[in-house]
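Just structure.cif here, mmCIF, C-alpha atoms and all ligand atoms:
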```
data_run
#
loop_
_atom_site.label_atom_id
_atom_site.label_comp_id
_atom_site.auth_asym_id
_atom_site.auth_seq_id
_atom_site.Cartn_x
_atom_site.Cartn_y
_atom_site.Cartn_z
CA MET A 1 -26.04 54.45 -6.52
CA ARG A 2 -27.03 51.65 -4.17
CA GLY A 3 -28.69 53.01 -1.07
CA PRO A 4 -31.11 52.05 1.69
CA GLY A 5 -34.90 52.16 1.57
CA LYS A 6 -36.78 54.50 3.85
CA TYR A 7 -37.64 51.68 6.27
CA ASP A 8 -34.22 50.08 6.46
CA PHE A 9 -31.81 50.23 9.34
CA ILE A 10 -28.54 51.77 8.19
CA ASN A 11 -25.25 50.45 9.46
CA ILE A 12 -22.99 53.20 8.20
CA HIS A 13 -19.71 51.40 8.95
CA ASP A 14 -18.99 47.70 9.42
CA HIS A 15 -16.29 45.19 8.57
CA GLY A 16 -17.04 41.86 6.88
CA ALA A 17 -20.81 42.40 6.97
CA ASP A 18 -23.32 39.67 6.23
CA PRO A 19 -26.51 40.66 4.41
CA HIS A 20 -29.50 41.06 6.73
CA LYS A 21 -33.01 41.74 5.53
CA GLY A 22 -34.10 45.27 6.35
CA VAL A 23 -30.54 46.45 6.99
CA PHE A 24 -28.41 48.47 4.61
CA THR A 25 -24.72 48.25 5.47
CA ILE A 26 -21.61 49.99 4.26
CA ASP A 27 -18.88 47.42 4.59
CA ASN A 28 -15.42 48.89 4.92
CA ILE A 29 -12.65 47.34 2.88
CA MET A 30 -9.10 48.17 3.90
CA VAL A 31 -6.89 47.75 0.87
CA HIS A 32 -4.24 45.70 2.71
CA GLU A 33 -6.94 43.03 3.15
CA ASP A 34 -7.48 40.40 0.51
CA ARG A 35 -11.11 41.31 -0.10
CA TYR A 36 -12.85 42.60 -3.18
CA PRO A 37 -16.05 44.69 -3.18
CA GLY A 38 -18.77 42.19 -4.04
CA GLU A 39 -22.30 42.25 -5.37
CA LEU A 40 -24.40 41.58 -2.29
CA GLU A 41 -27.94 42.73 -1.74
CA GLY A 42 -28.11 45.34 1.02
CA ILE A 43 -24.37 45.88 1.18
CA ALA A 44 -22.33 48.66 -0.31
CA PHE A 45 -18.66 49.37 0.30
CA SER A 46 -16.23 52.02 1.30
CA CYS A 47 -12.56 51.49 0.64
CA GLY A 48 -9.38 53.05 1.85
CA ALA A 49 -5.89 52.60 3.23
CA HIS A 50 -6.32 52.52 7.02
CA PRO A 51 -3.62 54.47 8.90
CA TRP A 52 -2.72 51.43 11.04
CA HIS A 53 -1.77 49.46 7.96
CA LEU A 54 0.16 52.02 5.95
CA GLU A 55 3.65 51.16 4.91
CA LYS A 56 5.92 53.84 3.54
CA ASP A 57 7.34 51.72 0.72
CA LYS A 58 3.93 50.29 -0.25
CA MET A 59 2.12 53.61 -0.03
CA GLU A 60 1.79 54.19 -3.79
CA ALA A 61 0.62 50.62 -4.44
CA GLN A 62 -1.96 50.96 -1.65
CA LEU A 63 -3.24 54.24 -3.09
CA ASN A 64 -3.46 52.74 -6.59
CA LYS A 65 -5.67 50.02 -5.18
CA VAL A 66 -7.85 52.67 -3.49
CA ARG A 67 -8.16 54.48 -6.85
CA GLU A 68 -9.06 51.27 -8.64
CA TYR A 69 -11.74 50.23 -6.10
CA ALA A 70 -13.10 53.77 -5.84
CA SER A 71 -14.15 53.61 -9.50
CA LEU A 72 -16.48 50.67 -8.86
CA GLU A 73 -20.16 51.38 -8.55
CA THR A 74 -20.46 49.18 -5.45
CA VAL A 75 -17.91 51.37 -3.67
CA ILE A 76 -19.99 54.36 -2.64
CA ALA A 77 -17.50 56.07 -0.31
CA LEU A 78 -13.81 56.49 0.42
CA GLY A 79 -12.06 55.60 3.67
CA GLU A 80 -11.68 54.78 6.36
CA ALA A 81 -8.63 56.95 6.11
CA GLY A 82 -7.12 59.44 8.49
CA PHE A 83 -4.74 59.93 11.36
CA ASP A 84 -3.75 57.90 14.37
CA ARG A 85 -1.17 59.23 16.78
CA LEU A 86 -1.00 55.92 18.64
CA ARG A 87 -0.52 53.51 15.73
CA GLY A 88 0.78 53.46 12.18
CA PRO A 89 3.71 55.23 10.50
CA GLU A 90 4.97 58.77 11.14
CA SER A 91 2.50 61.59 10.76
CA GLN A 92 3.95 62.92 7.46
CA VAL A 93 3.19 59.57 5.81
CA GLN A 94 -0.29 59.49 7.32
CA GLU A 95 -1.00 63.03 6.14
CA LYS A 96 0.25 62.39 2.62
CA VAL A 97 -1.95 59.31 2.27
CA PHE A 98 -4.92 61.08 3.83
CA ARG A 99 -4.65 64.00 1.42
CA ALA A 100 -4.53 61.53 -1.47
CA HIS A 101 -7.82 60.03 -0.21
CA VAL A 102 -9.36 63.50 -0.10
CA ALA A 103 -8.32 64.06 -3.73
CA ILE A 104 -9.81 60.71 -4.80
CA SER A 105 -13.02 61.43 -2.86
CA GLU A 106 -13.37 64.77 -4.66
CA GLU A 107 -12.54 63.30 -8.05
CA LYS A 108 -14.99 60.40 -7.72
CA ARG A 109 -17.65 62.57 -6.01
CA LYS A 110 -17.94 60.12 -3.10
CA PRO A 111 -17.91 61.03 0.61
CA LEU A 112 -15.01 60.24 2.91
CA PHE A 113 -15.03 58.13 6.10
CA ILE A 114 -12.49 59.20 8.67
CA HIS A 115 -10.57 57.37 11.38
CA CYS A 116 -9.00 59.86 13.74
CA VAL A 117 -7.24 59.25 17.05
CA LYS A 118 -5.70 62.17 18.93
CA ALA A 119 -4.96 64.09 15.74
CA TRP A 120 -7.94 66.42 15.49
CA ASP A 121 -5.81 69.50 14.77
CA GLU A 122 -4.22 67.82 11.73
CA LEU A 123 -7.61 66.70 10.50
CA LEU A 124 -9.21 70.12 10.90
CA LYS A 125 -6.20 71.75 9.25
CA CYS A 126 -6.58 69.48 6.20
CA HIS A 127 -10.28 70.32 6.00
CA LYS A 128 -9.60 74.06 6.16
CA GLU A 129 -6.82 73.91 3.58
CA MET A 130 -8.38 71.48 1.13
CA LYS A 131 -11.95 72.84 1.28
CA PRO A 132 -13.53 69.60 0.07
CA GLU A 133 -16.95 69.62 -1.57
CA MET A 134 -17.68 66.05 -0.56
CA ASN A 135 -19.00 65.35 2.93
CA TRP A 136 -16.72 63.92 5.60
CA ILE A 137 -17.94 61.58 8.30
CA ILE A 138 -16.08 60.71 11.49
CA HIS A 139 -16.59 57.08 12.31
CA GLY A 140 -15.99 55.70 15.80
CA PHE A 141 -16.51 59.10 17.43
CA LYS A 142 -16.31 59.15 21.22
CA GLY A 143 -15.16 62.66 22.04
CA LYS A 144 -16.44 65.38 24.31
CA PRO A 145 -19.27 67.77 23.31
CA GLU A 146 -16.64 70.53 22.69
CA LEU A 147 -14.86 68.38 20.10
CA ALA A 148 -18.17 67.37 18.55
CA ALA A 149 -19.06 71.08 18.26
CA GLN A 150 -15.77 71.87 16.49
CA LEU A 151 -16.33 69.10 13.96
CA LEU A 152 -19.99 69.95 13.45
CA ASP A 153 -18.97 73.55 12.80
CA ARG A 154 -16.94 72.35 9.82
CA GLY A 155 -19.93 70.42 8.52
CA PHE A 156 -18.80 66.91 9.50
CA TYR A 157 -21.19 64.04 10.17
CA LEU A 158 -20.55 61.94 13.29
CA SER A 159 -21.00 58.22 13.77
CA PRO A 160 -20.29 57.28 17.39
CA TRP A 161 -18.20 54.29 18.41
CA VAL A 162 -20.71 51.54 19.08
CA GLU A 163 -19.67 50.62 22.63
CA TRP A 164 -19.61 54.28 23.57
CA ALA A 165 -22.93 55.12 21.89
CA ILE A 166 -24.89 52.63 24.00
CA ARG A 167 -23.49 53.77 27.36
CA PRO A 168 -25.94 55.91 29.35
CA GLU A 169 -23.13 58.34 30.23
CA SER A 170 -22.70 59.19 26.54
CA THR A 171 -26.23 60.53 26.29
CA SER A 172 -25.35 64.18 26.84
CA THR A 173 -22.76 64.18 24.02
CA LEU A 174 -25.12 62.22 21.79
CA LYS A 175 -27.82 64.77 22.46
CA SER A 176 -25.41 67.58 21.56
CA ILE A 177 -25.13 66.14 18.03
CA PRO A 178 -27.90 67.59 15.86
CA PRO A 179 -30.10 64.66 14.72
CA ASP A 180 -29.43 65.54 11.09
CA ARG A 181 -25.67 64.89 11.47
CA LEU A 182 -25.84 61.55 13.26
CA PHE A 183 -25.20 58.00 12.04
CA LEU A 184 -24.90 54.64 13.77
CA GLU A 185 -22.46 51.81 13.11
CA THR A 186 -21.27 48.48 14.46
CA ASP A 187 -17.66 48.63 13.14
CA GLY A 188 -17.15 44.87 13.11
CA PHE A 189 -18.35 44.36 16.70
CA ASP A 190 -20.46 41.32 17.41
CA ILE A 191 -23.72 43.22 17.70
CA GLY A 192 -26.53 43.93 15.23
CA ILE A 193 -27.39 47.49 14.25
CA GLU A 194 -30.99 47.06 15.41
CA PRO A 195 -30.21 46.93 19.16
CA VAL A 196 -27.90 49.93 18.71
CA TYR A 197 -30.79 51.91 17.21
CA ARG A 198 -33.05 50.76 20.05
CA VAL A 199 -30.70 51.87 22.85
CA VAL A 200 -29.83 55.18 21.17
CA ALA A 201 -33.53 55.90 20.49
CA GLU A 202 -34.23 55.35 24.20
CA HIS A 203 -31.38 57.63 25.26
CA LEU A 204 -32.45 60.34 22.83
CA ARG A 205 -36.11 59.83 23.77
CA VAL A 206 -37.30 59.40 20.21
CA ASP A 207 -39.24 56.48 18.79
CA MET A 208 -37.61 53.95 16.51
CA GLN A 209 -39.49 55.06 13.37
CA THR A 210 -38.38 58.66 13.90
CA LEU A 211 -34.76 57.58 14.31
CA LYS A 212 -34.91 55.30 11.26
CA ARG A 213 -36.40 58.04 9.13
CA GLN A 214 -33.88 60.60 10.40
CA LEU A 215 -30.88 58.40 9.62
CA TRP A 216 -32.30 57.63 6.17
CA GLU A 217 -32.64 61.35 5.50
CA ASN A 218 -29.08 61.80 6.75
CA PHE A 219 -27.91 59.14 4.34
CA CYS A 220 -29.57 61.03 1.49
CA SER A 221 -27.85 64.26 2.48
CA LEU A 222 -24.45 62.64 3.16
CA PHE A 223 -24.56 61.16 -0.33
CA ARG A 224 -26.54 64.03 -1.84
CA THR A 225 -29.11 61.66 -3.24
CA ASP A 226 -32.81 61.27 -2.73
CA GLU A 227 -33.11 58.09 -4.72
CA GLY A 228 -33.27 56.02 -1.53
ZN ZN A 301 -13.76 50.48 11.14
#
```

Turn the structure described in the file into structure tokens.
Amino acid sequence: MRGPGKYDFINIHDHGADPHKGVFTIDNIMVHEDRYPGELEGIAFSCGAHPWHLEKDKMEAQLNKVREYASLETVIALGEAGFDRLRGPESQVQEKVFRAHVAISEEKRKPLFIHCVKAWDELLKCHKEMKPEMNWIIHGFKGKPELAAQLLDRGFYLSPWVEWAIRPESTSTLKSIPPDRLFLETDGFDIGIEPVYRVVAEHLRVDMQTLKRQLWENFCSLFRTDEG
């Protein structure tokens, strides 16, 4: 599997990433987009049907595309998939598609990236009922420490929303996330991952090398690999 080196920055979730030396990025492909997972140095892919872009009558076609992409070696994870109470089709459709992603993630033995807005009960219910073996990671997290604790209890990894992660007022929640469950991402924002590491390292009062090494170790445990 393609993965980062020990000394690389890891951008765990981006959209339309450009290769940067010393940075390993997981570029998220949403299957409604006209993009195909490529062969770029330093870039791997996740793919899924994003809840904002689900359409009831195209649901099966979208899931077939997810299945097809998920078989590629360059696609190392599933998602982003999940629930959004503010956008996208009715919750039954979202849940059906989400559960299909869980099944594909389990079948392909690849972790699942989750988008979740105001639907934490549904998400936790799915996790309890489906008992997945693959790891789940919440991308764009910006909740309270209590919510973080609930998700951590179920074994989730958390990758904070970039704009939220760099705010000083987020420090207490960030600190409540055990270092071995944390990731960082840029999610398509016009910012490099390096400054995000720098600000978060300052807020957490750790040095950059420690943070880089920690997130590399987290990558290995999220993907259950130590190949690096
Ligand atoms: Zn995203």

**OP:** Would you list the contacts of Pro179 (chain A) as number ranges by chain, taking every protein, DNA or RNA residue within 10 Å and counting all atoms listed in the file, but skipping same-chain residues closer than 2 positions in sequence?
**Re:** A: 174-177, 181-183, 204, 211, 214-215, 218

**OP:** Residues within 7 Å of ligand ZN 301 (chain A), counting only C-alpha atoms and all ligand atoms: report them as a PyMOL selection string.
**Re:** chain A and resi 13-15+28+80+187-188

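Proximity of A:Asn11, A:Asn64, A:Gln94, A:Thr74 to Ala119 (chain A), computed with only C-alpha atoms, is greatest for A:Gln94.
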
Original post:
Which residues, written as number ranges by chain, have at least one atom at most 9 Å from region 193-196 of chain A, with all atoms listed in the file counted and residues fewer than 2 positions away on the same chain left out?
Top reply: A: 9-11, 23, 162, 165-166, 184-186, 191, 198-201

**OP:** For Ser105 (chain A), please output as a PyMOL selection string all residues within 12 Å (counting all atoms listed in the file; exclusion window: fewer than 5 positions along the same chain).
**Re:** chain A and resi 46-48+66-67+69-71+75-81+98-100+110-114+130+132-136+223

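Take CA of Arg205 (chain A) and CA of Thr171 (chain A): the distance between them is 10.2 Å.
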
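Here CA of Ala44 (chain A) is placed at a distance of 27.3 Å from CA of Gly143 (chain A).
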
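Among the candidates A:Ile138, A:Ala17, A:Met59, A:Leu124, the one nearest to Gly42 (chain A) when counting only C-alpha atoms is A:Ala17.
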
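For the residues A:Pro19, A:Arg109, A:Gly140, A:Ile12, ranking by smallest atom-to-atom distance to Arg224 (chain A) using only C-alpha atoms places A:Arg109 first.
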
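Minimum distance to Lys96 (chain A) across A:Pro51, A:His115, A:Leu158, A:Ile43 (counting only C-alpha atoms) occurs at A:Pro51.
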
Subject >> Separation of CA of Gly192 (chain A) from CA of Pro168 (chain A) in Å >> reply: 18.5 Å

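Here the question is which of A:Lys142, A:Lys65, A:His50, A:Lys56 gets nearest to Tyr36 (chain A) using only C-alpha atoms, and that residue is A:Lys65.
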
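Between Cys220 (chain A) and the residues A:Asp121, A:Glu60, A:Glu129, A:Asp180, the shortest atom-to-atom distance, using all atoms listed in the file, involves A:Asp180.
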
Subject >> Distance query Lys58 (chain A) at most 12 Å, only C-alpha atoms, self and fewer than 2 positions along chain excluded, as a ChimeraX atom specification >> reply: /A:31-32,49,53-56,60-65,89,93,97

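All residues of protein, DNA or RNA that reach within 10 Å of Leu147 (chain A), judged by only C-alpha atoms and not counting those fewer than 6 positions away in the chain, are Trp120, Phe141, Asp153 and Thr173 of chain A.
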
Since the input is missing atoms, can you rebuild N, CA, C and O atoms for region 99-120 of chain A and write them as a PDB file, in the coordinates of the input?
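And here is the file that came out, out.pdb:
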```
ATOM      1  N   ARG A  99      -4.362  62.977   2.444  1.00  0.00           N
ATOM      2  CA  ARG A  99      -4.650  64.000   1.420  1.00  0.00           C
ATOM      3  C   ARG A  99      -4.924  63.355   0.057  1.00  0.00           C
ATOM      4  O   ARG A  99      -5.738  63.855  -0.716  1.00  0.00           O
ATOM      5  N   ALA A 100      -4.253  62.251  -0.212  1.00  0.00           N
ATOM      6  CA  ALA A 100      -4.530  61.530  -1.470  1.00  0.00           C
ATOM      7  C   ALA A 100      -5.963  60.990  -1.468  1.00  0.00           C
ATOM      8  O   ALA A 100      -6.656  61.043  -2.487  1.00  0.00           O
ATOM      9  N   HIS A 101      -6.426  60.493  -0.298  1.00  0.00           N
ATOM     10  CA  HIS A 101      -7.820  60.030  -0.210  1.00  0.00           C
ATOM     11  C   HIS A 101      -8.804  61.177  -0.453  1.00  0.00           C
ATOM     12  O   HIS A 101      -9.832  60.990  -1.099  1.00  0.00           O
ATOM     13  N   VAL A 102      -8.474  62.347   0.093  1.00  0.00           N
ATOM     14  CA  VAL A 102      -9.360  63.500  -0.100  1.00  0.00           C
ATOM     15  C   VAL A 102      -9.469  63.795  -1.601  1.00  0.00           C
ATOM     16  O   VAL A 102     -10.565  63.998  -2.137  1.00  0.00           O
ATOM     17  N   ALA A 103      -8.326  63.773  -2.282  1.00  0.00           N
ATOM     18  CA  ALA A 103      -8.320  64.060  -3.730  1.00  0.00           C
ATOM     19  C   ALA A 103      -9.165  63.024  -4.486  1.00  0.00           C
ATOM     20  O   ALA A 103      -9.940  63.380  -5.372  1.00  0.00           O
ATOM     21  N   ILE A 104      -9.040  61.756  -4.105  1.00  0.00           N
ATOM     22  CA  ILE A 104      -9.810  60.710  -4.800  1.00  0.00           C
ATOM     23  C   ILE A 104     -11.305  60.895  -4.510  1.00  0.00           C
ATOM     24  O   ILE A 104     -12.147  60.783  -5.403  1.00  0.00           O
ATOM     25  N   SER A 105     -11.618  61.203  -3.240  1.00  0.00           N
ATOM     26  CA  SER A 105     -13.020  61.430  -2.860  1.00  0.00           C
ATOM     27  C   SER A 105     -13.633  62.566  -3.682  1.00  0.00           C
ATOM     28  O   SER A 105     -14.760  62.471  -4.172  1.00  0.00           O
ATOM     29  N   GLU A 106     -12.882  63.627  -3.876  1.00  0.00           N
ATOM     30  CA  GLU A 106     -13.370  64.770  -4.660  1.00  0.00           C
ATOM     31  C   GLU A 106     -13.522  64.384  -6.127  1.00  0.00           C
ATOM     32  O   GLU A 106     -14.508  64.712  -6.768  1.00  0.00           O
ATOM     33  N   GLU A 107     -12.514  63.671  -6.637  1.00  0.00           N
ATOM     34  CA  GLU A 107     -12.540  63.300  -8.050  1.00  0.00           C
ATOM     35  C   GLU A 107     -13.705  62.363  -8.365  1.00  0.00           C
ATOM     36  O   GLU A 107     -14.386  62.512  -9.367  1.00  0.00           O
ATOM     37  N   LYS A 108     -13.921  61.393  -7.481  1.00  0.00           N
ATOM     38  CA  LYS A 108     -14.990  60.400  -7.720  1.00  0.00           C
ATOM     39  C   LYS A 108     -16.346  60.886  -7.230  1.00  0.00           C
ATOM     40  O   LYS A 108     -17.345  60.187  -7.415  1.00  0.00           O
ATOM     41  N   ARG A 109     -16.391  62.018  -6.550  1.00  0.00           N
ATOM     42  CA  ARG A 109     -17.650  62.570  -6.010  1.00  0.00           C
ATOM     43  C   ARG A 109     -18.283  61.582  -5.027  1.00  0.00           C
ATOM     44  O   ARG A 109     -19.471  61.291  -5.075  1.00  0.00           O
ATOM     45  N   LYS A 110     -17.450  61.060  -4.114  1.00  0.00           N
ATOM     46  CA  LYS A 110     -17.940  60.120  -3.100  1.00  0.00           C
ATOM     47  C   LYS A 110     -17.458  60.584  -1.738  1.00  0.00           C
ATOM     48  O   LYS A 110     -16.304  61.012  -1.607  1.00  0.00           O
ATOM     49  N   PRO A 111     -18.315  60.523  -0.709  1.00  0.00           N
ATOM     50  CA  PRO A 111     -17.910  61.030   0.610  1.00  0.00           C
ATOM     51  C   PRO A 111     -16.761  60.236   1.237  1.00  0.00           C
ATOM     52  O   PRO A 111     -16.414  59.149   0.769  1.00  0.00           O
ATOM     53  N   LEU A 112     -16.211  60.803   2.300  1.00  0.00           N
ATOM     54  CA  LEU A 112     -15.010  60.240   2.910  1.00  0.00           C
ATOM     55  C   LEU A 112     -15.251  59.866   4.375  1.00  0.00           C
ATOM     56  O   LEU A 112     -15.702  60.698   5.166  1.00  0.00           O
ATOM     57  N   PHE A 113     -14.931  58.625   4.714  1.00  0.00           N
ATOM     58  CA  PHE A 113     -15.030  58.130   6.100  1.00  0.00           C
ATOM     59  C   PHE A 113     -13.684  58.291   6.783  1.00  0.00           C
ATOM     60  O   PHE A 113     -12.657  57.887   6.237  1.00  0.00           O
ATOM     61  N   ILE A 114     -13.734  58.849   7.985  1.00  0.00           N
ATOM     62  CA  ILE A 114     -12.490  59.200   8.670  1.00  0.00           C
ATOM     63  C   ILE A 114     -12.281  58.439   9.972  1.00  0.00           C
ATOM     64  O   ILE A 114     -13.198  58.311  10.785  1.00  0.00           O
ATOM     65  N   HIS A 115     -11.037  57.955  10.120  1.00  0.00           N
ATOM     66  CA  HIS A 115     -10.570  57.370  11.380  1.00  0.00           C
ATOM     67  C   HIS A 115      -9.615  58.404  11.961  1.00  0.00           C
ATOM     68  O   HIS A 115      -8.649  58.791  11.303  1.00  0.00           O
ATOM     69  N   CYS A 116      -9.896  58.867  13.165  1.00  0.00           N
ATOM     70  CA  CYS A 116      -9.000  59.860  13.740  1.00  0.00           C
ATOM     71  C   CYS A 116      -8.811  59.616  15.229  1.00  0.00           C
ATOM     72  O   CYS A 116      -9.780  59.550  15.992  1.00  0.00           O
ATOM     73  N   VAL A 117      -7.559  59.430  15.628  1.00  0.00           N
ATOM     74  CA  VAL A 117      -7.240  59.250  17.050  1.00  0.00           C
ATOM     75  C   VAL A 117      -6.190  60.276  17.444  1.00  0.00           C
ATOM     76  O   VAL A 117      -5.071  60.281  16.910  1.00  0.00           O
ATOM     77  N   LYS A 118      -6.576  61.156  18.346  1.00  0.00           N
ATOM     78  CA  LYS A 118      -5.700  62.170  18.930  1.00  0.00           C
ATOM     79  C   LYS A 118      -4.958  63.023  17.896  1.00  0.00           C
ATOM     80  O   LYS A 118      -3.799  63.395  18.084  1.00  0.00           O
ATOM     81  N   ALA A 119      -5.613  63.278  16.773  1.00  0.00           N
ATOM     82  CA  ALA A 119      -4.960  64.090  15.740  1.00  0.00           C
ATOM     83  C   ALA A 119      -5.982  65.052  15.139  1.00  0.00           C
ATOM     84  O   ALA A 119      -5.995  65.284  13.924  1.00  0.00           O
ATOM     85  N   TRP A 120      -6.835  65.592  15.984  1.00  0.00           N
ATOM     86  CA  TRP A 120      -7.940  66.420  15.490  1.00  0.00           C
ATOM     87  C   TRP A 120      -7.437  67.708  14.853  1.00  0.00           C
ATOM     88  O   TRP A 120      -8.033  68.203  13.891  1.00  0.00           O
TER      89      TRP A 120
END
```
